[in-house]
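Shown next: protein.txt, containing compact mmCIF, C-alpha atoms.
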```txt
# COMPACT_ATOMS: atom_id res chain seq x y z
CA MET W 1 -69.22 113.53 -16.05
CA LYS W 2 -66.12 113.89 -14.00
CA LYS W 3 -65.88 110.09 -13.59
CA LYS W 4 -66.13 109.62 -17.35
CA GLN W 5 -63.34 111.96 -17.96
CA GLN W 6 -61.14 110.21 -15.39
CA HIS W 7 -61.68 106.76 -16.88
CA GLY W 8 -61.79 107.83 -20.36
CA GLY W 9 -58.63 109.90 -20.27
CA GLY W 10 -55.26 108.49 -20.95
CA GLU W 11 -53.66 109.71 -17.79
CA CYS W 12 -52.00 107.10 -15.56
CA PRO W 13 -53.17 106.90 -11.96
CA ALA W 14 -50.91 108.38 -9.39
CA PRO W 15 -48.63 105.88 -7.65
CA ARG W 16 -49.68 104.83 -4.15
CA SER W 17 -47.51 104.00 -1.20
CA PRO W 18 -47.26 100.33 0.00
CA ALA W 19 -49.15 101.21 3.21
CA ALA W 20 -52.03 102.69 1.25
CA ALA W 21 -52.14 99.64 -1.03
CA ALA W 22 -52.24 97.30 1.94
CA ALA W 23 -55.00 99.38 3.53
CA ALA W 24 -57.05 99.28 0.35
CA ALA W 25 -56.64 95.50 0.00
CA GLY W 26 -57.57 94.88 3.63
CA GLY W 27 -60.70 96.94 3.63
CA GLY W 28 -59.36 100.07 5.24
CA PRO W 29 -57.38 100.92 8.32
CA GLY W 30 -57.92 98.59 11.23
CA GLN W 31 -58.96 95.65 9.04
CA GLY W 32 -55.56 94.63 7.70
CA GLY W 33 -55.56 91.30 9.70
CA GLY W 34 -59.25 90.55 9.36
CA LEU W 35 -58.84 87.74 6.82
CA LYS W 36 -56.36 85.89 9.02
CA ARG W 37 -58.56 86.14 12.15
CA ARG W 38 -61.54 84.52 10.36
CA ARG W 39 -59.45 81.64 9.00
CA PRO W 40 -60.48 79.11 11.75
CA LEU W 41 -64.08 79.49 10.60
CA SER W 42 -63.15 78.76 7.02
CA LEU W 43 -63.67 75.03 7.68
CA LEU W 44 -67.35 75.73 8.38
CA PRO W 45 -68.07 78.60 5.99
CA PHE W 46 -71.84 78.04 6.21
CA LEU W 47 -71.96 78.73 10.01
CA SER W 48 -72.06 82.11 11.55
CA LEU W 49 -70.16 82.90 14.72
CA ARG W 50 -73.38 82.58 16.73
CA ASP W 51 -74.15 79.16 15.22
CA TYR W 52 -70.63 77.98 15.92
CA GLY W 53 -70.95 79.03 19.57
CA PHE W 54 -74.28 77.22 19.90
CA CYS W 55 -72.79 73.96 18.55
CA MET W 56 -69.85 74.16 20.95
CA ALA W 57 -72.20 74.75 23.89
CA ALA W 58 -74.38 71.76 22.91
CA LEU W 59 -71.27 69.55 22.60
CA LEU W 60 -70.07 70.67 26.01
CA LEU W 61 -73.44 69.90 27.59
CA PHE W 62 -73.46 66.44 25.97
CA CYS W 63 -69.98 65.66 27.28
CA LEU W 64 -70.90 66.80 30.79
CA GLY W 65 -74.10 64.75 30.74
CA SER W 66 -72.23 61.67 29.55
CA LEU W 67 -69.62 62.17 32.25
CA PHE W 68 -72.21 62.45 35.02
CA TYR W 69 -74.06 59.37 33.69
CA GLN W 70 -70.94 57.24 33.57
CA LEU W 71 -69.84 58.39 37.00
CA ASN W 72 -73.21 57.18 38.30
CA GLY W 73 -72.81 53.60 37.08
CA GLY W 74 -71.74 53.72 33.45
CA PRO W 75 -69.55 50.96 32.07
CA PRO W 76 -66.17 52.66 31.34
CA HIS W 77 -63.68 51.24 33.86
CA PHE W 78 -61.40 54.23 33.94
CA LEU W 79 -64.30 56.46 35.03
CA LEU W 80 -65.28 53.94 37.69
CA ASP W 81 -61.70 53.97 38.92
CA LEU W 82 -61.81 57.77 39.03
CA ARG W 83 -65.02 57.66 41.03
CA HIS W 84 -63.49 55.09 43.34
CA TYR W 85 -60.61 57.47 43.94
CA LEU W 86 -62.86 60.50 44.47
CA GLY W 87 -65.50 58.85 46.64
CA ASN W 88 -64.88 55.35 47.99
CA SER W 89 -68.12 54.94 49.97
CA THR W 90 -70.40 55.72 47.01
CA TYR W 91 -68.48 53.33 44.79
CA LEU W 92 -68.83 50.53 47.32
CA ASP W 93 -72.54 51.16 47.69
CA ASP W 94 -73.14 50.67 43.97
CA HIS W 95 -70.52 48.15 42.97
CA GLY W 96 -69.42 46.24 46.05
CA PRO W 97 -65.77 45.85 47.02
CA PRO W 98 -63.07 46.74 44.48
CA PRO W 99 -61.82 43.86 42.32
CA GLN W 100 -59.39 41.59 44.11
CA LYS W 101 -55.90 41.04 42.83
CA VAL W 102 -55.88 38.60 39.93
CA LEU W 103 -53.96 35.47 40.90
CA PRO W 104 -51.87 33.56 38.34
CA PHE W 105 -54.04 30.43 38.73
CA PRO W 106 -57.79 29.70 39.07
CA SER W 107 -58.66 31.25 42.42
CA GLN W 108 -62.41 30.50 42.45
CA VAL W 109 -63.34 26.80 42.38
CA VAL W 110 -66.78 25.27 43.02
CA TYR W 111 -67.31 21.57 43.76
CA ASN W 112 -71.11 21.16 43.64
CA ARG W 113 -70.78 17.58 44.73
CA VAL W 114 -73.29 14.91 43.69
CA GLY W 115 -74.62 12.84 46.59
CA LYS W 116 -73.18 9.33 47.09
CA CYS W 117 -70.46 9.84 44.49
CA GLY W 118 -67.40 9.75 46.74
CA SER W 119 -67.89 13.30 47.99
CA ARG W 120 -67.17 12.39 51.64
CA THR W 121 -63.77 11.02 50.67
CA VAL W 122 -62.97 14.12 48.61
CA VAL W 123 -64.15 16.52 51.35
CA LEU W 124 -61.86 14.83 53.85
CA LEU W 125 -58.97 15.23 51.39
CA LEU W 126 -59.85 18.88 50.86
CA ARG W 127 -59.68 19.62 54.57
CA ILE W 128 -56.16 18.22 54.71
CA LEU W 129 -55.14 20.00 51.49
CA SER W 130 -56.53 23.38 52.59
CA GLU W 131 -54.28 23.26 55.66
CA LYS W 132 -51.31 22.10 53.60
CA HIS W 133 -51.62 24.63 50.74
CA GLY W 134 -53.35 27.54 52.47
CA PHE W 135 -56.47 27.94 50.31
CA ASN W 136 -59.84 28.85 51.76
CA LEU W 137 -62.19 25.85 52.01
CA VAL W 138 -65.73 27.22 52.08
CA THR W 139 -68.84 25.21 52.92
CA SER W 140 -72.46 26.10 53.55
CA ASP W 141 -74.36 25.96 56.82
CA ILE W 142 -77.51 25.15 54.81
CA HIS W 143 -78.10 21.50 53.98
CA ASN W 144 -80.63 19.41 52.06
CA LYS W 145 -81.39 22.20 49.57
CA THR W 146 -80.08 21.65 46.06
CA ARG W 147 -82.65 23.80 44.22
CA LEU W 148 -82.85 27.50 44.98
CA THR W 149 -85.18 30.36 44.21
CA LYS W 150 -83.86 33.28 42.16
CA ASN W 151 -83.28 35.37 45.29
CA GLU W 152 -81.54 32.47 47.03
CA GLN W 153 -79.27 32.02 44.03
CA MET W 154 -78.37 35.72 44.03
CA GLU W 155 -77.65 35.72 47.76
CA LEU W 156 -75.55 32.56 47.68
CA ILE W 157 -73.55 33.71 44.65
CA LYS W 158 -72.91 37.05 46.33
CA ASN W 159 -71.67 35.39 49.51
CA ILE W 160 -69.48 32.91 47.67
CA SER W 161 -67.96 35.63 45.49
CA THR W 162 -66.94 37.70 48.53
CA ALA W 163 -65.01 34.84 50.13
CA GLU W 164 -61.27 35.31 50.47
CA GLN W 165 -59.41 34.01 47.43
CA PRO W 166 -58.16 31.49 46.57
CA TYR W 167 -61.21 29.56 47.71
CA LEU W 168 -62.89 26.24 47.00
CA PHE W 169 -66.61 26.17 47.73
CA THR W 170 -68.32 22.81 48.17
CA ARG W 171 -71.98 21.94 48.69
CA HIS W 172 -74.68 19.62 47.40
CA VAL W 173 -76.32 22.12 45.04
CA HIS W 174 -77.41 22.13 41.42
CA PHE W 175 -75.30 24.13 38.96
CA LEU W 176 -75.33 27.91 39.54
CA ASN W 177 -74.78 30.34 36.68
CA PHE W 178 -72.73 33.12 38.31
CA SER W 179 -72.53 35.21 35.13
CA ARG W 180 -76.33 35.43 34.96
CA PHE W 181 -76.24 37.54 38.14
CA GLY W 182 -73.21 39.61 37.19
CA GLY W 183 -70.60 37.51 38.99
CA ASP W 184 -67.37 35.98 37.72
CA GLN W 185 -67.98 32.39 36.62
CA PRO W 186 -65.81 30.10 38.78
CA VAL W 187 -64.08 26.88 37.77
CA TYR W 188 -66.41 23.91 38.36
CA ILE W 189 -65.34 20.35 39.20
CA ASN W 190 -67.41 17.27 40.04
CA ILE W 191 -67.47 13.47 40.20
CA ILE W 192 -70.24 11.07 39.19
CA ARG W 193 -70.65 7.30 39.23
CA ASP W 194 -72.70 4.50 37.67
CA PRO W 195 -76.34 5.63 38.22
CA VAL W 196 -77.64 2.28 39.50
CA ASN W 197 -74.71 1.92 41.91
CA ARG W 198 -75.30 5.46 43.16
CA PHE W 199 -78.99 4.72 43.71
CA LEU W 200 -78.27 1.47 45.60
CA SER W 201 -75.66 3.16 47.77
CA ASN W 202 -78.11 5.89 48.72
CA TYR W 203 -80.98 3.46 49.26
CA PHE W 204 -79.12 1.40 51.84
CA PHE W 205 -77.23 4.33 53.37
CA ARG W 206 -80.47 6.06 54.29
CA ARG W 207 -81.61 2.88 56.04
CA PHE W 208 -78.47 1.42 57.60
CA GLY W 209 -75.72 4.05 57.42
CA ASP W 210 -72.05 3.06 57.17
CA TRP W 211 -69.23 1.70 59.30
CA ARG W 212 -68.90 4.88 61.36
CA GLY W 213 -71.50 3.63 63.81
CA GLU W 214 -74.30 1.14 64.01
CA GLN W 215 -76.88 3.71 65.09
CA ASN W 216 -76.02 6.69 62.89
CA HIS W 217 -78.75 5.80 60.40
CA MET W 218 -81.33 5.96 63.20
CA ILE W 219 -80.22 9.52 63.91
CA ARG W 220 -80.29 10.53 60.24
CA THR W 221 -83.77 9.14 59.44
CA PRO W 222 -85.62 8.98 62.77
CA SER W 223 -89.04 9.38 61.11
CA MET W 224 -88.59 6.38 58.80
CA ARG W 225 -91.02 3.61 59.69
CA GLN W 226 -89.64 0.15 60.34
CA GLU W 227 -91.51 -1.41 57.41
CA GLU W 228 -89.99 1.24 55.14
CA ARG W 229 -86.50 0.84 56.60
CA TYR W 230 -86.52 -2.91 55.95
CA LEU W 231 -88.36 -2.73 52.62
CA ASP W 232 -86.86 -5.24 50.19
CA ILE W 233 -85.13 -3.46 47.30
CA ASN W 234 -86.75 -5.75 44.72
CA VAL W 235 -90.23 -5.00 46.07
CA CYS W 236 -89.47 -1.27 45.97
CA ILE W 237 -88.42 -1.46 42.30
CA LEU W 238 -90.90 -4.00 40.93
CA GLU W 239 -93.91 -2.46 42.67
CA ASN W 240 -92.87 1.06 41.61
CA TYR W 241 -92.52 2.68 45.04
CA PRO W 242 -91.86 6.45 44.80
CA GLU W 243 -88.29 6.06 46.09
CA CYS W 244 -87.50 3.60 43.28
CA SER W 245 -89.14 5.39 40.36
CA ASN W 246 -89.03 8.72 38.57
CA PRO W 247 -88.70 11.58 39.17
CA ARG W 248 -86.57 10.62 42.20
CA LEU W 249 -84.30 8.45 40.06
CA PHE W 250 -83.54 11.51 37.91
CA TYR W 251 -80.81 12.68 40.27
CA ILE W 252 -77.41 13.27 38.62
CA ILE W 253 -78.37 15.37 35.59
CA PRO W 254 -79.89 18.31 37.54
CA TYR W 255 -76.50 18.89 39.23
CA PHE W 256 -75.17 19.84 35.79
CA CYS W 257 -78.30 21.17 34.08
CA GLY W 258 -78.89 23.91 36.65
CA GLN W 259 -81.70 25.67 38.47
CA HIS W 260 -84.22 25.92 35.62
CA PRO W 261 -87.49 24.06 36.45
CA ARG W 262 -87.13 21.92 33.32
CA CYS W 263 -83.84 20.61 34.68
CA ARG W 264 -85.89 18.47 37.07
CA GLU W 265 -87.94 16.88 34.30
CA PRO W 266 -86.46 13.64 32.91
CA GLY W 267 -86.01 14.29 29.20
CA GLU W 268 -83.82 15.39 26.32
CA TRP W 269 -83.91 19.09 27.21
CA ALA W 270 -82.31 18.62 30.62
CA LEU W 271 -79.85 16.06 29.23
CA GLU W 272 -78.58 18.34 26.45
CA ARG W 273 -78.32 21.35 28.73
CA ALA W 274 -76.31 19.27 31.23
CA LYS W 275 -73.92 18.20 28.46
CA LEU W 276 -73.54 21.83 27.34
CA ASN W 277 -72.68 22.97 30.86
CA VAL W 278 -70.14 20.18 31.24
CA ASN W 279 -68.40 21.37 28.08
CA GLU W 280 -68.54 25.08 28.86
CA ASN W 281 -68.31 25.44 32.65
CA PHE W 282 -66.65 22.35 34.15
CA LEU W 283 -62.90 21.98 34.19
CA LEU W 284 -63.24 18.30 35.05
CA VAL W 285 -66.05 15.82 35.67
CA GLY W 286 -64.51 12.58 36.86
CA ILE W 287 -65.74 9.01 37.30
CA LEU W 288 -65.75 7.57 40.81
CA GLU W 289 -64.82 4.11 39.50
CA GLU W 290 -61.48 5.67 38.42
CA LEU W 291 -60.96 7.94 41.43
CA GLU W 292 -57.15 7.76 41.45
CA ASP W 293 -57.02 9.04 37.88
CA VAL W 294 -59.50 11.79 38.81
CA LEU W 295 -57.22 12.91 41.65
CA LEU W 296 -54.17 12.76 39.38
CA LEU W 297 -55.85 15.02 36.79
CA LEU W 298 -57.02 17.42 39.49
CA GLU W 299 -53.45 17.66 40.72
CA ARG W 300 -52.29 18.55 37.21
CA PHE W 301 -55.08 21.03 36.48
CA LEU W 302 -55.26 22.71 39.90
CA PRO W 303 -51.89 22.15 41.60
CA HIS W 304 -52.40 25.03 44.05
CA TYR W 305 -55.33 23.07 45.48
CA PHE W 306 -54.57 19.39 44.83
CA LYS W 307 -50.79 19.02 44.89
CA ASP W 308 -49.84 15.71 46.60
CA VAL W 309 -53.51 14.65 46.80
CA LEU W 310 -52.78 11.18 45.43
CA SER W 311 -50.06 10.46 48.00
CA ILE W 312 -52.41 11.58 50.79
CA TYR W 313 -55.21 9.43 49.40
CA LYS W 314 -52.94 6.36 49.31
CA ASN W 315 -51.69 6.96 52.85
CA PRO W 316 -52.74 4.02 55.09
CA GLU W 317 -54.09 6.36 57.77
CA HIS W 318 -56.34 8.09 55.28
CA ARG W 319 -57.48 4.76 53.87
CA LYS W 320 -58.48 3.74 57.39
CA LEU W 321 -60.70 6.82 57.67
CA GLY W 322 -62.11 6.38 54.18
CA ASN W 323 -63.18 2.81 54.86
CA LEU W 324 -65.49 4.06 57.60
CA THR W 325 -67.73 5.71 54.98
CA VAL W 326 -68.57 2.50 53.11
CA THR W 327 -72.31 1.82 53.13
CA VAL W 328 -73.30 -1.34 54.99
CA LYS W 329 -75.89 -4.07 54.36
CA LYS W 330 -76.01 -3.46 50.61
CA THR W 331 -77.65 -6.19 48.55
CA VAL W 332 -77.86 -6.62 44.79
CA PRO W 333 -81.32 -6.49 43.18
CA SER W 334 -82.50 -9.24 40.89
CA PRO W 335 -81.66 -9.06 37.15
CA GLU W 336 -85.29 -8.20 36.42
CA ALA W 337 -85.21 -5.31 38.88
CA ILE W 338 -81.88 -4.08 37.48
CA GLN W 339 -83.29 -4.06 33.95
CA ILE W 340 -86.26 -1.98 35.13
CA LEU W 341 -83.89 0.48 36.77
CA TYR W 342 -81.96 0.78 33.52
CA GLN W 343 -85.15 1.65 31.68
CA ARG W 344 -86.20 4.24 34.26
CA MET W 345 -82.71 5.78 34.32
CA ARG W 346 -82.26 5.99 30.57
CA TYR W 347 -81.26 9.66 30.52
CA GLU W 348 -79.01 9.27 33.56
CA TYR W 349 -77.06 6.54 31.75
CA GLU W 350 -76.85 8.51 28.53
CA PHE W 351 -75.29 11.36 30.50
CA TYR W 352 -73.02 9.03 32.48
CA TYR W 353 -71.58 7.41 29.35
CA TYR W 354 -71.11 10.82 27.71
CA VAL W 355 -69.12 12.08 30.71
CA LYS W 356 -67.16 8.83 30.85
CA GLU W 357 -66.12 9.12 27.20
CA GLN W 358 -65.01 12.73 27.74
CA PHE W 359 -63.04 11.70 30.82
CA HIS W 360 -61.27 8.89 28.95
CA LEU W 361 -60.44 11.27 26.10
CA LEU W 362 -58.87 13.62 28.62
CA LYS W 363 -56.89 10.79 30.16
CA ARG W 364 -55.50 9.79 26.77
CA LYS W 365 -54.33 13.35 26.16
CA PHE W 366 -52.28 13.11 29.35
CA GLY W 367 -51.01 9.63 28.60
CA LEU W 368 -53.02 7.87 31.33
CA LYS W 369 -54.27 4.35 30.80
CA SER W 370 -57.35 2.89 32.44
CA HIS W 371 -56.49 0.02 34.77
CA ILE W 372 -60.03 -1.09 35.49
CA ARG W 373 -62.12 -4.11 34.74
CA LYS W 374 -63.87 -4.32 31.41
CA PRO W 375 -67.08 -2.29 31.71
CA ARG W 376 -70.44 -3.93 31.45
CA PRO W 377 -72.18 -3.59 28.08
CA ARG W 378 -74.56 -0.69 27.85
CA PRO W 379 -78.15 -1.68 28.59
CA GLU W 380 -80.73 -1.63 25.83
CA PHE W 381 -83.29 1.00 26.70
CA PHE W 382 -86.96 1.03 25.91
CA ILE W 383 -88.60 4.36 25.22
CA PRO W 384 -90.50 5.10 28.43
CA SER W 385 -93.95 6.56 28.59
CA PRO W 386 -94.21 10.29 29.42
CA LEU W 387 -93.01 10.91 32.95
CA GLU W 388 -94.67 13.04 35.54
CA THR W 389 -92.67 16.09 36.50
CA GLU W 390 -93.79 16.40 40.08
CA GLU W 391 -91.35 17.98 42.50
CA PRO W 392 -88.82 15.29 43.43
CA ILE W 393 -87.88 14.77 47.05
CA ASP W 394 -84.27 15.50 47.92
CA ASP W 395 -82.19 12.70 49.33
CA GLU W 396 -81.26 13.54 52.88
CA GLU W 397 -77.69 14.70 53.26
CA GLU W 398 -75.85 14.63 56.54
CA ASP W 399 -74.30 17.71 58.09
CA ASP W 400 -70.72 17.67 56.77
CA GLU W 401 -69.20 19.27 59.84
CA LYS W 402 -70.93 16.80 62.15
CA TRP W 403 -69.77 13.91 59.99
CA LEU W 404 -66.17 15.10 59.99
CA GLU W 405 -66.21 15.56 63.75
CA ASP W 406 -67.52 12.01 64.16
CA ILE W 407 -64.99 10.48 61.78
CA TYR W 408 -62.19 12.48 63.39
CA LYS W 409 -63.10 11.14 66.85
CA SER W 410 -63.47 7.58 65.58
CA GLY W 411 -59.88 7.06 64.57
CA GLY W 412 -58.38 9.96 62.67
CA LYS W 413 -56.40 11.71 65.40
CA GLU W 414 -53.18 11.32 63.45
CA VAL W 415 -54.56 13.62 60.73
CA LEU W 416 -54.75 17.34 61.51
CA LEU W 417 -58.01 18.75 60.20
CA PRO W 418 -58.38 22.52 59.93
CA PRO W 419 -61.65 24.24 60.82
CA PHE W 420 -64.18 24.90 58.08
CA HIS W 421 -64.91 28.35 56.73
CA THR W 422 -68.64 28.37 56.23
CA VAL W 423 -70.83 30.48 54.02
CA GLY W 424 -74.56 30.75 54.55
CA MET W 425 -77.26 32.57 52.71
CA ASP W 426 -76.72 35.79 54.64
CA THR W 427 -73.25 35.91 56.15
CA VAL W 428 -69.75 34.58 55.73
CA SER W 429 -67.88 33.48 58.79
CA GLY W 430 -64.45 32.04 59.33
```
How does this structure look as structure tokens?
Amino acid sequence: MKKKQQHGGGECPAPRSPAAAAAAAGGGPGQGGGLKRRRPLSLLPFLSLRDYGFCMAALLLFCLGSLFYQLNGGPPHFLLDLRHYLGNSTYLDDHGPPPQKVLPFPSQVVYNRVGKCGSRTVVLLLRILSEKHGFNLVTSDIHNKTRLTKNEQMELIKNISTAEQPYLFTRHVHFLNFSRFGGDQPVYINIIRDPVNRFLSNYFFRRFGDWRGEQNHMIRTPSMRQEERYLDINVCILENYPECSNPRLFYIIPYFCGQHPRCREPGEWALERAKLNVNENFLLVGILEELEDVLLLLERFLPHYFKDVLSIYKNPEHRKLGNLTVTVKKTVPSPEAIQILYQRMRYEYEFYYYVKEQFHLLKRKFGLKSHIRKPRPRPEFFIPSPLETEEPIDDEEEDDEKWLEDIYKSGGKEVLLPPFHTVGMDTVSG
């Protein structure tokens, strides 16, 4: 009744002081700043203070978990660098040595040289160049093994990658994909030659050696029987001896195809994969028949390795040493036998002509002209019957260090040859 009278009457309410008005608007004494203190939560009006605290705690736990995960091998580089700074030994255990300083030129070069394609001449040049320019020439103490198991590939790639840069690694080995095993893909170079000429050179070299010594072939192939050593090349080809037929004639392509088992099977798959690797992983694949142009392009592409290589190659003293590696007692097979070789080496020739065309295109870009005789017309191939894919036998390769010691003693004393730095499957030694 009293309330009715108050609202119903015409009396005006008594004036209030500003402090009382502020207290009434703020919810009473002590709550005048309450609205301002809750303003940060106004962005999430549907969360209570407890819910907000729970979300922040979950976010903190997630961040800490992510941090610990990345510090134990996660990809962010800045966290790896932090871990390297905080604990060097643990970083090395998981990731190997810290990245080396990036040089302003290709500092990792691999020359997986094809047998009987001028590699002895190039290796001799590399020994002289490594002393002249100060790069690390790395070779392997393992010979006669071009195809590797997965573990052997991993071990060899690891040992090559830890060599002091700039380095140039050289060995008779089929293409290795460094990136597949987490390594930095190096720059590849190589040289090939006419497949029939390469086969003939190897055939007679295994039997009779070269001009370095009359008996060196007896040392290299002591188990070869006399009837095999003096086997007529035409008989070997026409009667389909294993040495003169597939899969042993399928020799060049696997050096570019790689370590996959199908790379050893003569066919389109290995051919196309070899072409792809040439385009994507090889800086230069040269042709032995145009070796001076190959050396000139190498000097332009990799001057820190090959500067002045052409002048060294043309030096009379070097020519004298190079002539000692020419295979002796070579004879030319009959036209019928040559035609059979062409048929059996169909894929080898398809690859050879592809590389040759790419090489000539590169020469034209640099303004180089070919000063060679007109090439023979390409042979007409017949489609061969399906080939067996049995494990081919590796051609025997001589110990490079032994060869260089022999050639050095035989007449190369005017040329200073530095010692090799060798890399094996387990250790690296200087």
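Atom CA of His172 of chain W sits 19.2 Å away from atom CA of Leu271 of chain W.
When atom CA of Glu357 of chain W is paired with atom CA of Lys330 of chain W, their separation reads 28.4 Å.
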Expressed in Å, the length from atom CA of Arg300 of chain W to atom CA of Pro254 of chain W is 27.6 Å
Any idea what's packed within 12 Å of Gly134 of chain W, counting all atoms listed in the file, ignoring anything in its chain fewer than 2 positions away? Could you give it as number ranges by chain? W: 107, 126-132, 136-137, 164-168, 304-307, 418
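Using all atoms listed in the file, the smallest distance between any of W:Leu124, W:Val196, W:Val110, W:Leu148 and Arg346 of chain W comes from W:Val196.
Among the candidate residues W:Gln108, W:Ser201, W:Gln153, W:Asn246, the one lying nearest to Leu302 of chain W is W:Gln108, with distances computed using all atoms listed in the file.
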Neighbours of Glu268 of chain W within 9 Å (all atoms listed in the file; same-chain residues fewer than 4 positions away dropped), as number ranges by chain? W: 272-273, 347
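When only C-alpha atoms are used to measure the gap to Tyr230 of chain W, the shortest distance among W:Phe62, W:Phe208, W:Phe68, W:Tyr354 belongs to W:Phe208.
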Since the input is missing atoms, can you rebuild N, CA, C and O atoms for segment 346-357 of chain W and write them as a CSV table (one decimal), in the frame of the given file?
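Contents of rebuild.csv, as written:
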```
chain,number,residue,atom,x,y,z
W,346,ARG,N,-82.8,5.9,31.9
W,346,ARG,CA,-82.3,6.0,30.6
W,346,ARG,C,-81.4,7.3,30.4
W,346,ARG,O,-80.3,7.2,29.9
W,347,TYR,N,-82.0,8.4,30.8
W,347,TYR,CA,-81.3,9.7,30.5
W,347,TYR,C,-80.0,9.8,31.4
W,347,TYR,O,-79.0,10.3,31.0
W,348,GLU,N,-80.1,9.3,32.7
W,348,GLU,CA,-79.0,9.3,33.6
W,348,GLU,C,-77.8,8.5,33.0
W,348,GLU,O,-76.7,8.9,33.0
W,349,TYR,N,-78.1,7.3,32.3
W,349,TYR,CA,-77.1,6.5,31.8
W,349,TYR,C,-76.5,7.2,30.5
W,349,TYR,O,-75.3,7.1,30.2
W,350,GLU,N,-77.3,7.8,29.7
W,350,GLU,CA,-76.8,8.5,28.5
W,350,GLU,C,-75.9,9.6,28.9
W,350,GLU,O,-74.8,9.8,28.3
W,351,PHE,N,-76.2,10.3,30.0
W,351,PHE,CA,-75.3,11.4,30.5
W,351,PHE,C,-74.0,10.7,31.1
W,351,PHE,O,-72.9,11.2,30.8
W,352,TYR,N,-74.2,9.7,31.8
W,352,TYR,CA,-73.0,9.0,32.5
W,352,TYR,C,-72.0,8.6,31.4
W,352,TYR,O,-70.8,8.8,31.6
W,353,TYR,N,-72.5,7.9,30.4
W,353,TYR,CA,-71.6,7.4,29.4
W,353,TYR,C,-71.0,8.6,28.6
W,353,TYR,O,-69.8,8.5,28.1
W,354,TYR,N,-71.7,9.6,28.4
W,354,TYR,CA,-71.1,10.8,27.7
W,354,TYR,C,-69.9,11.4,28.5
W,354,TYR,O,-68.9,11.7,28.0
W,355,VAL,N,-70.2,11.5,29.8
W,355,VAL,CA,-69.1,12.1,30.7
W,355,VAL,C,-67.9,11.1,30.8
W,355,VAL,O,-66.8,11.5,30.7
W,356,LYS,N,-68.2,9.8,30.8
W,356,LYS,CA,-67.2,8.8,30.8
W,356,LYS,C,-66.3,8.9,29.6
W,356,LYS,O,-65.0,8.8,29.7
W,357,GLU,N,-66.9,9.0,28.4
W,357,GLU,CA,-66.1,9.1,27.2
W,357,GLU,C,-65.3,10.4,27.2
W,357,GLU,O,-64.1,10.3,26.8
```
